[in-house]
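Report on the following structure.
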Amino acid sequence: MTRWIKLTHVDNVPPREGRVVRLGTTQIAVFNTEQGFMAVENRCPHGGGPLADGIVGGTTVTCPLHNWRVCLKSGEVTKGCADGAPPVRTFAVEVRNGIVMLGVNAAEAAA
Amino acid sequence: MRKLVVVGNGMAGVACVDQILKYRHGFDITIFGEETHVNYNRIMLSSVLAGEKSFDDIVLNDIDWYQRNKIRTRLGVRIKQIAVNRRVVADTDGGEVEFDNLILATGSRAFIPPIPGVDKKNVFVFRTLDDTRALLARAVPGLRAVVIGGGLLGLEAARGLQVQGCNVTVVHLPGTLMERQLDATGGLYLRKRIEDLGVKVLLGCRTESILGNGHVEGLRFNSGENIDAELVVIATGIQPNVELAREAGLMVNRGIIVDDYMETSEPGIYAVGECTEHRGQVFGLVAPLYEQGQVLAATITGNRGPEFTGSVPATRLKIMGVDVFSAGSVHEAEPGVESLKFEDPAQGVYRKVVLKDGRVHGVVLVGDVSDDQRYVHWIKSGEDVCGMRRQLLFPPPAADGGLDVAQMPDSETVCGCMGVTKGAIINAIHEHGLTTLAQLKERTRASTGCGSCAGTCSRLLKAVAPDFEEDKIKTICACVPYSQDQLRGIIRSQKLKSAQDVLDIYGNGRGCEVCKPAISYLLDVVWCGDHVEDRSARFINDRVHANIQKDGTFSVVPRMRGGITSPAELRRIADVAEKYGVPLVKVTGSQRIDLLGVKKEDLPRIWADLDMPSGQAYTKGVRMVKTCVGSTFCRFGTQDAISTGVELERRLENLFTPHKVKMAVVGCPRNCAEATVKDIGLVGQDGSWQVVVGGAAGKGVRKADLLITVETTEEALEAAEVFFQYYREHANYLERTYDFVERFGIEKVRKDTVYAPPDAKRALIDRLRKSKDKSYDAWLERNNPRPAQFIQIEPLEVAK
């Protein structure tokens with residue numbers, strides 16, 4: 001079952017930028033894209049770079065460390081890796097009443 | 001010699017004369033032009049209004065052409081009468097000129113609808129160069145301008161005025177923009193694009209009167225509504241100039257009636273261009289008029305053929321970033337007509353191909369017009385395209401990058417304006433050994449009209465000419481298909497102030513990590529810092545003013561001008577290092593101190609505690625000026641390196657540059673601070689300074705080139721400033737000075753900087769000062785940080 005957690009005001013994530021929200025031990029990179037808010041784990045599968053600090057183009061973010069590109073919808077790495085990197089974990093995000101909400105699996109949240 | 005008189009010095013008349021010159025004609029030619037200008041490209045006036053081109057850029061035949069071809073030219077003279085029986089024309093001053101043959105190329109004028117108040121001041125038409133100049137003189141930023149007419153010309157005028165800074169509204173009577181060339185859906189897509197540019201569009205509005213006391217103040221519509229206007233352009237169509245012909249007794253309907261050989265009803269008198277009517281059709285577009293000129297040139301030199309048989313109407317809107325093409329018959333009202341359509345609202349692309357009996361009857365392209373000539377070819381050839389229905393909306397995949405020139409038949413028209421086919425271009429290349437686009441233009445006239453076929457012409461040259469050297473246009477990336485030089489021009493002429501505007505109008509709307517920082521830099525330098533700063537288009541270093549490290553922490557380098565510090569500063573640096581647990585404190589190669597491993601959230605507090613300015617060690621900007629001790633303490637010092645270096649750093653700090661700029665000032669040729677391998681170096685000697693540029697001691701080592709030797713310190717500083725600004729304005733983003741100086745050549749750099757004319761030098765300094773006035777120490781943003789820029793956000797509720 002999905003629970004929705006209030007993360008932050010939409011104003012804290014300016015258009016075409018990312019911000020880090022700390023959820024327990026997990027850092028979540030929340031992005032304000034042209035197609036709405038999206039969230040992935042704030043860790044590039046390459047060198048652990050902070051994806052939230054990357055430049056956003058459409059619905060893709062580029063890791064600031066070595067320019068790996070990650071699709072924010074699917075979590076797939078779209079550029080940079082030679083032989084297929086594991087996708088980045090994605091999270092469901094919605095905006096309700098000006099608040100960015102994060103959808104977490106109840107079991108995961110408990111863990 | 002037989003006397004040929006041409007009435008009209010416009011595109012059609014002069015192009016016809018140009019064709020006549022290709023025959024052994026035996027004419028003594030006189031051209032009368034009512035405008036005072038040589039023949040220019042009227043279709044490009046919109047580019048002049050939009051600031052993309054100057055008048056010189058659109059001249060088609062300069063005065064030298066007239067003289068070389070022994071053409072008598074009478075400019076600023078209006079012919080008021082043709083005495084057909086006496087074979088003379090008379091001008092308004094009573095002067096008479098005899099003719100054996102007469103060509104009427106009187107063109108057309110703006111049609112002015114009978115609206116009360118059209119005679120008020122600041123009501124303009126947009127037809128001639130003088131009209132354009134009058135508009136440019138009047139169009140000031142903030143002016144409320146209204147264009148009556150949402151056709152091709154009206155929209156181009158509107159965009160031009162808007163680029164000049166006016167608040168522009170287009171008022172159009174029909175419910176669709178360009179309704180003669182587009183269907184309702186195409187009109188909607190166009191409207192969206194036009195509105196995205198910032199031009200307001202009012203459809204279905206009939207202007208009842210133009211209001212104002214002497215000069216225009218507004219418009220009243222028949223709905224009873226009013227709008228304010230300080231400038232009005234009437235662009236409601238054109239009407240052929242036929243009065244002269246009518247009074248001379250020639251057969252005239254809407255235009256001067258001509259047959260397939262361009263003969264009028266009077267033997268020996270011909271007509272060409274927009275003033276003609278052929279088989280009931282009048283023409284307002286350039287392609288058929290050039291075709292008429294070719295036919296008439298043949299006729300008048302004694303040939304019978306080729307014949308003019310009419311043409312396919314084809315229109316292309318010339319507004320940068322708004323691609324619209326229409327050809328043939330685009331409305332589906334006729335029986336037996338069907339259409340294929342494609343729509344992509346997100347990209348603003350609309351395509352419609354109208355078919356009749358299995359043949360292409362018309363086409364509408366909005367948003368992507370790269371393969372327009374395919375359709376013109378199909379419409380002209382009338383070939384059965386039933387077997388290709390699936391390829392009709394898009395070029396086959398092989399031709400993805402545009403039209404594949406190898407697949408084009410020789411008969412296909414490449415230049416629609418000048419009517420030049422692929423076959424003609426290939427023949428010209430072989431026959432005359434052409435290797436450049438400029439030569440091809442000169443020889444065939446291809447690509448001298450609207451210029452949209454330049455790419456295809458280049459591809460043909462590349463494919464056919466063995467020695468062809470392509471003008472290498474290096475685009476920034478696939479998101480924005482322009483070179484940085486082109487982008488600079490676009491940003492300036494189109495008055496674009498934000499990165500997202502550039503991407504939306506001239507790119508794919510999204511951008512990436514390659515183009516966004518480059519565009520951000522170009523905006524900053526073009527507008528001298530007076531642009532709309534968009535931090536989302538900047539690399540993380542330029543959002544948090546620190547250098548990101550491999551573990552996601554940051555490094556902090558405070559500015560120590562000239563490598564000079566003080567016990568107090570060193571104490572604060574030590575305190576900060578202890579208080580924030582900075583893992584590594586390092587003396588850098590640039591005579592500064594680097595605090596490494598700093599957490600992002602600590603940055604603003606560290607800056608406050610340091611109370612020193614940003615050293616810009618994280619950005620493409622002014623790094624440092626390294627100095628030696630110089631005459632202050634050194635036994636060998638001949639110049640005061642320290643205070644000169646500190647002053648140089650003060651003058652340039654906080655500015656952004658294409659790539660990092662490292663500088664050094666040394667007090668004697670022993671060069672202890674390595675000035676000769678810096679981007680800019682000042683080398684002191686007894687009684688003078690050498691200013692050197694373009695040095696490197698990185699991946700490669702390059703000894704800097706001597707820019708100039710000067711006597712005073714102030715002259716040396718100014719030379720450095722002039723070079724610095726020149727580099728900022730001309731180098732590509734991410735191009736270091738050593739690549740830039742090699743690319744341009746030090747001779748050119750010298751000529752354009754230290755040896756430039758005084759006003760050019762002054763202008764460089766003025767723009768540098770303007771940028772400097774707008775610049776500030778980035779670390780002061782600690783007082784007013786952007787939302788959640790430095791912190792990790794704590795969720796509003798805790799996950800349970």
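Every chain in the structure tokens takes a letter, A first, then B, and so on in the order presented; its residues are numbered from 1, and the ligands are numbered from 1 following the presented order.
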*Shell of 10 Å around A:Asn32, only C-alpha atoms, local chain residues under 4 positions omitted, as number ranges by chain*: A: 10-19, 36-39, 56, 58-59, 100
*Extract the full set of alpha helix (DSSP H) residues from stretch 449-670 of chain B according to DSSP on the backbone, and format it as a ChimeraX atom specification.*
/B:454-464,484-493,499-506,515-526,540-544,567-579,603-610,641-652
*What residues in chain A have any atom no more than 9 Å from chain B when counting only C-alpha atoms, and can you write them as a PyMOL selection string?*
chain A and resi 3-9+11-24+27+34+47-50+53-62+64-65+67+104+106+109-110
Keeping only C-alpha atoms, take the residues you just selected and write them out as a PDB file, in the first residue's frame.
ATOM      1  CA  ARG A   3       1.446   6.136   1.770  1.00  0.00           C
ATOM      2  CA  TRP A   4       1.831   9.781   0.835  1.00  0.00           C
ATOM      3  CA  ILE A   5       4.287  11.853   2.832  1.00  0.00           C
ATOM      4  CA  LYS A   6       4.338  15.632   2.778  1.00  0.00           C
ATOM      5  CA  LEU A   7       7.839  16.616   1.661  1.00  0.00           C
ATOM      6  CA  THR A   8       8.088  20.334   1.129  1.00  0.00           C
ATOM      7  CA  HIS A   9       6.584  23.406  -0.459  1.00  0.00           C
ATOM      8  CA  ASP A  11       8.591  26.856  -3.971  1.00  0.00           C
ATOM      9  CA  ASN A  12      11.594  25.117  -2.430  1.00  0.00           C
ATOM     10  CA  VAL A  13      12.294  23.377  -5.729  1.00  0.00           C
ATOM     11  CA  PRO A  14      12.625  26.023  -8.468  1.00  0.00           C
ATOM     12  CA  PRO A  15      11.735  25.128 -12.070  1.00  0.00           C
ATOM     13  CA  ARG A  16      14.285  22.888 -13.832  1.00  0.00           C
ATOM     14  CA  GLU A  17      16.243  22.313 -10.618  1.00  0.00           C
ATOM     15  CA  GLY A  18      16.603  19.558  -8.077  1.00  0.00           C
ATOM     16  CA  ARG A  19      16.731  19.586  -4.267  1.00  0.00           C
ATOM     17  CA  VAL A  20      17.592  16.931  -1.728  1.00  0.00           C
ATOM     18  CA  VAL A  21      15.018  15.744   0.780  1.00  0.00           C
ATOM     19  CA  ARG A  22      16.329  13.582   3.581  1.00  0.00           C
ATOM     20  CA  LEU A  23      14.064  10.682   4.424  1.00  0.00           C
ATOM     21  CA  GLY A  24      15.576   8.647   7.211  1.00  0.00           C
ATOM     22  CA  GLN A  27      18.519  11.064   0.244  1.00  0.00           C
ATOM     23  CA  GLU A  34       8.609  20.770 -17.438  1.00  0.00           C
ATOM     24  CA  GLY A  47      30.329   7.243  -8.657  1.00  0.00           C
ATOM     25  CA  GLY A  48      27.570   8.063  -6.217  1.00  0.00           C
ATOM     26  CA  GLY A  49      27.336  11.664  -7.465  1.00  0.00           C
ATOM     27  CA  PRO A  50      24.575  13.950  -6.134  1.00  0.00           C
ATOM     28  CA  ASP A  53      22.937  19.037  -8.168  1.00  0.00           C
ATOM     29  CA  GLY A  54      22.785  18.157 -11.868  1.00  0.00           C
ATOM     30  CA  ILE A  55      21.547  20.213 -14.807  1.00  0.00           C
ATOM     31  CA  VAL A  56      18.036  19.249 -15.874  1.00  0.00           C
ATOM     32  CA  GLY A  57      17.143  19.076 -19.562  1.00  0.00           C
ATOM     33  CA  GLY A  58      13.488  18.171 -20.088  1.00  0.00           C
ATOM     34  CA  THR A  59      13.057  15.078 -17.910  1.00  0.00           C
ATOM     35  CA  THR A  60      16.727  14.093 -17.850  1.00  0.00           C
ATOM     36  CA  VAL A  61      19.303  15.029 -15.261  1.00  0.00           C
ATOM     37  CA  THR A  62      23.046  15.028 -15.841  1.00  0.00           C
ATOM     38  CA  PRO A  64      27.579  16.916 -12.034  1.00  0.00           C
ATOM     39  CA  LEU A  65      30.572  14.642 -11.486  1.00  0.00           C
ATOM     40  CA  ASN A  67      28.048  13.786 -16.932  1.00  0.00           C
ATOM     41  CA  VAL A 104       6.282   5.342  -0.378  1.00  0.00           C
ATOM     42  CA  ALA A 106       4.238   1.141   3.459  1.00  0.00           C
ATOM     43  CA  ALA A 109       8.701   3.093   5.032  1.00  0.00           C
ATOM     44  CA  ALA A 110       8.561   0.847   8.039  1.00  0.00           C
TER      45      ALA A 110
END
*Write down as a PyMOL selection string the residues belonging to chain A that are assigned strand (DSSP E or B) by DSSP computed on the backbone.*
chain A and resi 2-9+18-23+26-33+36-41+55-57+60-62+69-71+77-79+90-96+99-105
Can I get the selection written as a compact mmCIF listing (two decimals), in the first residue's frame, with N, CA and C atoms?
# COMPACT_ATOMS: atom_id res chain seq x y z
N THR A 2 0.46 2.24 -0.80
CA THR A 2 1.26 3.46 -0.88
C THR A 2 0.78 4.50 0.11
N ARG A 3 1.75 5.02 0.87
CA ARG A 3 1.45 6.14 1.77
C ARG A 3 1.99 7.40 1.15
N TRP A 4 1.33 8.51 1.39
CA TRP A 4 1.83 9.78 0.83
C TRP A 4 2.38 10.64 1.96
N ILE A 5 3.62 11.06 1.80
CA ILE A 5 4.29 11.85 2.83
C ILE A 5 4.48 13.27 2.32
N LYS A 6 4.12 14.23 3.16
CA LYS A 6 4.34 15.63 2.78
C LYS A 6 5.83 15.93 2.84
N LEU A 7 6.40 16.33 1.67
CA LEU A 7 7.84 16.62 1.66
C LEU A 7 8.14 18.08 1.92
N THR A 8 7.70 18.93 1.01
CA THR A 8 8.09 20.33 1.13
C THR A 8 7.21 21.19 0.22
N HIS A 9 7.30 22.48 0.41
CA HIS A 9 6.58 23.41 -0.46
C HIS A 9 7.15 23.37 -1.87
N GLY A 18 16.84 20.65 -9.01
CA GLY A 18 16.60 19.56 -8.08
C GLY A 18 16.97 19.98 -6.67
N ARG A 19 16.36 19.34 -5.66
CA ARG A 19 16.73 19.59 -4.27
C ARG A 19 16.73 18.24 -3.54
N VAL A 20 17.50 18.18 -2.48
CA VAL A 20 17.59 16.93 -1.73
C VAL A 20 16.62 16.97 -0.55
N VAL A 21 15.84 15.91 -0.41
CA VAL A 21 15.02 15.74 0.78
C VAL A 21 15.55 14.51 1.51
N ARG A 22 15.78 14.69 2.81
CA ARG A 22 16.33 13.58 3.58
C ARG A 22 15.19 12.80 4.21
N LEU A 23 15.13 11.52 3.89
CA LEU A 23 14.06 10.68 4.42
C LEU A 23 14.73 9.52 5.14
N THR A 26 17.83 7.76 3.66
CA THR A 26 17.83 7.90 2.21
C THR A 26 17.77 9.36 1.81
N GLN A 27 18.63 9.73 0.83
CA GLN A 27 18.52 11.06 0.24
C GLN A 27 17.71 10.95 -1.04
N ILE A 28 16.66 11.77 -1.12
CA ILE A 28 15.84 11.74 -2.32
C ILE A 28 16.04 13.04 -3.08
N ALA A 29 16.32 12.90 -4.37
CA ALA A 29 16.48 14.08 -5.22
C ALA A 29 15.14 14.38 -5.88
N VAL A 30 14.57 15.53 -5.53
CA VAL A 30 13.26 15.92 -6.07
C VAL A 30 13.48 16.98 -7.14
N PHE A 31 12.88 16.77 -8.31
CA PHE A 31 13.08 17.69 -9.43
C PHE A 31 11.76 18.33 -9.85
N ASN A 32 11.87 19.57 -10.27
CA ASN A 32 10.72 20.30 -10.80
C ASN A 32 10.91 20.42 -12.31
N THR A 33 10.37 19.45 -13.08
CA THR A 33 10.62 19.43 -14.52
C THR A 33 9.45 20.05 -15.27
N GLY A 36 6.36 18.20 -14.72
CA GLY A 36 5.91 18.00 -13.34
C GLY A 36 7.04 17.56 -12.43
N PHE A 37 6.71 17.37 -11.15
CA PHE A 37 7.72 16.97 -10.17
C PHE A 37 8.05 15.49 -10.32
N MET A 38 9.32 15.18 -10.15
CA MET A 38 9.78 13.79 -10.22
C MET A 38 10.84 13.59 -9.14
N ALA A 39 11.04 12.31 -8.75
CA ALA A 39 12.02 12.06 -7.70
C ALA A 39 12.77 10.76 -7.96
N VAL A 40 14.07 10.81 -7.68
CA VAL A 40 14.91 9.61 -7.76
C VAL A 40 15.83 9.60 -6.54
N GLU A 41 16.46 8.47 -6.31
CA GLU A 41 17.44 8.44 -5.23
C GLU A 41 18.62 9.34 -5.62
N ILE A 55 22.33 19.35 -13.91
CA ILE A 55 21.55 20.21 -14.81
C ILE A 55 20.42 19.38 -15.40
N VAL A 56 19.21 19.94 -15.38
CA VAL A 56 18.04 19.25 -15.87
C VAL A 56 17.75 19.71 -17.30
N GLY A 57 17.58 18.76 -18.20
CA GLY A 57 17.14 19.08 -19.56
C GLY A 57 15.90 18.27 -19.85
N THR A 60 15.45 14.79 -18.03
CA THR A 60 16.73 14.09 -17.85
C THR A 60 17.61 14.93 -16.94
N VAL A 61 18.34 14.28 -16.05
CA VAL A 61 19.30 15.03 -15.26
C VAL A 61 20.69 14.50 -15.58
N THR A 62 21.66 15.41 -15.58
CA THR A 62 23.05 15.03 -15.84
C THR A 62 23.83 15.12 -14.54
N ARG A 69 23.95 10.62 -17.71
CA ARG A 69 22.59 11.16 -17.79
C ARG A 69 21.58 10.12 -17.29
N VAL A 70 20.65 10.58 -16.51
CA VAL A 70 19.65 9.68 -15.93
C VAL A 70 18.25 10.18 -16.29
N CYS A 71 17.43 9.26 -16.79
CA CYS A 71 16.04 9.60 -17.10
C CYS A 71 15.26 9.65 -15.78
N VAL A 77 19.85 4.90 -16.92
CA VAL A 77 21.00 5.70 -17.32
C VAL A 77 20.98 5.77 -18.84
N THR A 78 20.94 6.97 -19.39
CA THR A 78 20.80 7.09 -20.84
C THR A 78 22.10 7.47 -21.53
N LYS A 79 23.09 7.90 -20.78
CA LYS A 79 24.35 8.21 -21.42
C LYS A 79 25.46 8.10 -20.40
N THR A 90 13.46 5.12 -8.54
CA THR A 90 12.55 6.25 -8.72
C THR A 90 11.47 6.22 -7.63
N PHE A 91 10.89 7.37 -7.40
CA PHE A 91 9.81 7.48 -6.41
C PHE A 91 8.61 8.16 -7.04
N ALA A 92 7.43 7.79 -6.56
CA ALA A 92 6.21 8.46 -7.03
C ALA A 92 6.09 9.81 -6.31
N VAL A 93 5.78 10.84 -7.10
CA VAL A 93 5.63 12.17 -6.51
C VAL A 93 4.34 12.80 -7.02
N GLU A 94 3.68 13.51 -6.16
CA GLU A 94 2.49 14.26 -6.58
C GLU A 94 2.53 15.61 -5.89
N VAL A 95 1.83 16.58 -6.50
CA VAL A 95 1.71 17.87 -5.83
C VAL A 95 0.26 18.04 -5.41
N ARG A 96 0.07 18.29 -4.13
CA ARG A 96 -1.28 18.56 -3.63
C ARG A 96 -1.25 19.84 -2.81
N ILE A 99 2.02 21.39 -2.05
CA ILE A 99 2.99 20.58 -1.29
C ILE A 99 3.41 19.40 -2.16
N VAL A 100 4.72 19.18 -2.23
CA VAL A 100 5.21 18.00 -2.94
C VAL A 100 5.03 16.79 -2.02
N MET A 101 4.34 15.77 -2.55
CA MET A 101 4.06 14.57 -1.75
C MET A 101 4.85 13.40 -2.33
N LEU A 102 5.40 12.60 -1.46
CA LEU A 102 6.17 11.43 -1.90
C LEU A 102 5.39 10.17 -1.58
N GLY A 103 5.26 9.32 -2.59
CA GLY A 103 4.55 8.06 -2.37
C GLY A 103 5.54 6.98 -1.97
N VAL A 104 5.38 6.43 -0.77
CA VAL A 104 6.28 5.34 -0.38
C VAL A 104 5.48 4.10 -0.06
N ASN A 105 6.08 3.02 -0.39
CA ASN A 105 5.51 1.73 -0.08
C ASN A 105 5.52 1.57 1.45
_Quick one: residues within 9 Å of stretch 459-462 of chain B, only C-alpha atoms, excluding same-chain residues fewer than 3 positions away - as JSON, numbers by chain?_
{"B": [404, 405, 406, 422, 425, 426, 429, 434, 435, 436, 437, 440, 454, 455, 456, 465, 466, 467, 468, 469, 470]}
_Which residues are close to B:Arg109, i.e. within 8 Å by only C-alpha atoms, leaving aside same-chain residues fewer than 6 positions away? Reply as a list in words._
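So, after excluding close chain neighbours, the residues are Arg127, Ile238, Gln239, Pro240 and Asn241 of chain B.
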*Looking at only C-alpha atoms, which of B:Asn167, B:Ser339, B:Asn69, B:Gln347 is the one that sits closest to B:Lys192?*
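Result for the nearest residue to B:Lys192: B:Gln347.
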*If you count only C-alpha atoms, which residues fall within 8 Å of stretch 49-66 of chain B, apart from same-chain ones fewer than 2 positions away, as a VMD selection string?*
chain B and resid 38 to 42 44 to 47 68 to 73 132 to 133 135 to 136 157 159 to 161 163 to 164 489 to 490 493 to 494
*asked:* Just want the 12 Å neighbourhood of B:Tyr23, counted on only C-alpha atoms, with same-chain residues fewer than 4 positions away dropped. Output as a ChimeraX atom specification.
replied: /B:16-19,27,294,296-303
Output file for the residues above (N, CA and C atoms, as a short mmCIF file (atom, residue, chain, number, x, y, z; two decimals), in the first residue's frame):
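After the write, part_16.cif holds the following:
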data_model
loop_
_atom_site.label_atom_id
_atom_site.label_comp_id
_atom_site.auth_asym_id
_atom_site.auth_seq_id
_atom_site.Cartn_x
_atom_site.Cartn_y
_atom_site.Cartn_z
N CYS B 16 14.96 40.66 -64.67
CA CYS B 16 14.70 40.45 -66.09
C CYS B 16 15.84 41.05 -66.92
N VAL B 17 16.26 42.27 -66.56
CA VAL B 17 17.38 42.90 -67.28
C VAL B 17 18.63 42.03 -67.16
N ASP B 18 18.84 41.49 -65.95
CA ASP B 18 19.99 40.62 -65.72
C ASP B 18 19.96 39.43 -66.67
N GLN B 19 18.76 38.91 -66.90
CA GLN B 19 18.61 37.79 -67.84
C GLN B 19 18.86 38.25 -69.29
N PHE B 27 20.80 46.06 -76.90
CA PHE B 27 19.94 47.13 -76.39
C PHE B 27 20.75 48.22 -75.71
N GLN B 294 12.71 35.50 -66.90
CA GLN B 294 13.45 34.65 -67.84
C GLN B 294 12.70 34.54 -69.17
N LEU B 296 10.51 36.70 -70.38
CA LEU B 296 10.52 37.98 -71.09
C LEU B 296 11.88 38.26 -71.72
N ALA B 297 12.95 37.88 -71.03
CA ALA B 297 14.29 38.10 -71.59
C ALA B 297 14.43 37.35 -72.90
N ALA B 298 13.87 36.15 -72.95
CA ALA B 298 13.92 35.38 -74.20
C ALA B 298 13.08 36.06 -75.28
N THR B 299 11.86 36.45 -74.90
CA THR B 299 10.94 37.06 -75.87
C THR B 299 11.55 38.32 -76.48
N ILE B 300 12.06 39.18 -75.63
CA ILE B 300 12.46 40.51 -76.08
C ILE B 300 13.75 40.45 -76.91
N THR B 301 14.48 39.34 -76.79
CA THR B 301 15.68 39.20 -77.61
C THR B 301 15.39 38.36 -78.85
N GLY B 302 14.10 38.22 -79.17
CA GLY B 302 13.75 37.64 -80.44
C GLY B 302 13.47 36.14 -80.44
N ASN B 303 13.34 35.57 -79.23
CA ASN B 303 13.03 34.15 -79.17
C ASN B 303 11.52 33.96 -78.99
#
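Taking only C-alpha atoms into account, B:Arg492 lies nearest to B:His531 out of the set B:Lys441, B:Arg279, B:His531, B:Arg762.
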*Report the distance between atom CA of B:Met178 and atom CA of B:Ser209 in Å, rounded to one decimal place.*
22.7 Å
*To one decimal in Å, tell me the separation between atom CA of B:Glu230 and atom CA of B:Asn122.*
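Pair atom CA of B:Glu230 / atom CA of B:Asn122 returns 7.1 Å.
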Could you pull the residues within 9 Å of stretch 332-336 of chain B, counting only C-alpha atoms, minus those fewer than 4 positions along the same chain, as an mmCIF file with N, CA and C atoms, in the first residue's frame?
data_model
loop_
_atom_site.group_PDB
_atom_site.id
_atom_site.type_symbol
_atom_site.label_atom_id
_atom_site.label_comp_id
_atom_site.auth_asym_id
_atom_site.auth_seq_id
_atom_site.Cartn_x
_atom_site.Cartn_y
_atom_site.Cartn_z
ATOM 1 N N ASP B 183 -4.679 26.368 -43.310
ATOM 2 C CA ASP B 183 -6.014 25.989 -42.873
ATOM 3 C C ASP B 183 -6.153 26.395 -41.400
ATOM 4 N N VAL B 354 -2.294 17.823 -48.890
ATOM 5 C CA VAL B 354 -3.591 17.722 -49.538
ATOM 6 C C VAL B 354 -3.419 16.959 -50.852
ATOM 7 N N LEU B 355 -4.203 15.894 -51.003
ATOM 8 C CA LEU B 355 -4.113 15.067 -52.201
ATOM 9 C C LEU B 355 -5.380 15.217 -53.031
ATOM 10 N N LYS B 356 -5.203 15.179 -54.340
ATOM 11 C CA LYS B 356 -6.370 15.163 -55.230
ATOM 12 C C LYS B 356 -6.070 14.148 -56.322
ATOM 13 N N ASP B 357 -6.932 13.181 -56.461
ATOM 14 C CA ASP B 357 -6.749 12.125 -57.455
ATOM 15 C C ASP B 357 -5.364 11.492 -57.353
#
_Pairwise distance for atom CA of B:Glu243 and atom CA of B:Asp259, rounded to one decimal in Å_ = 19.2 Å
*Check the smallest atom-to-atom distance from each of B:Thr207, B:Gln162, B:Asn427, B:Gln486 to B:Ile319 using only C-alpha atoms, then report the winner.*
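So, comparing all the options, the nearest one is B:Gln162.
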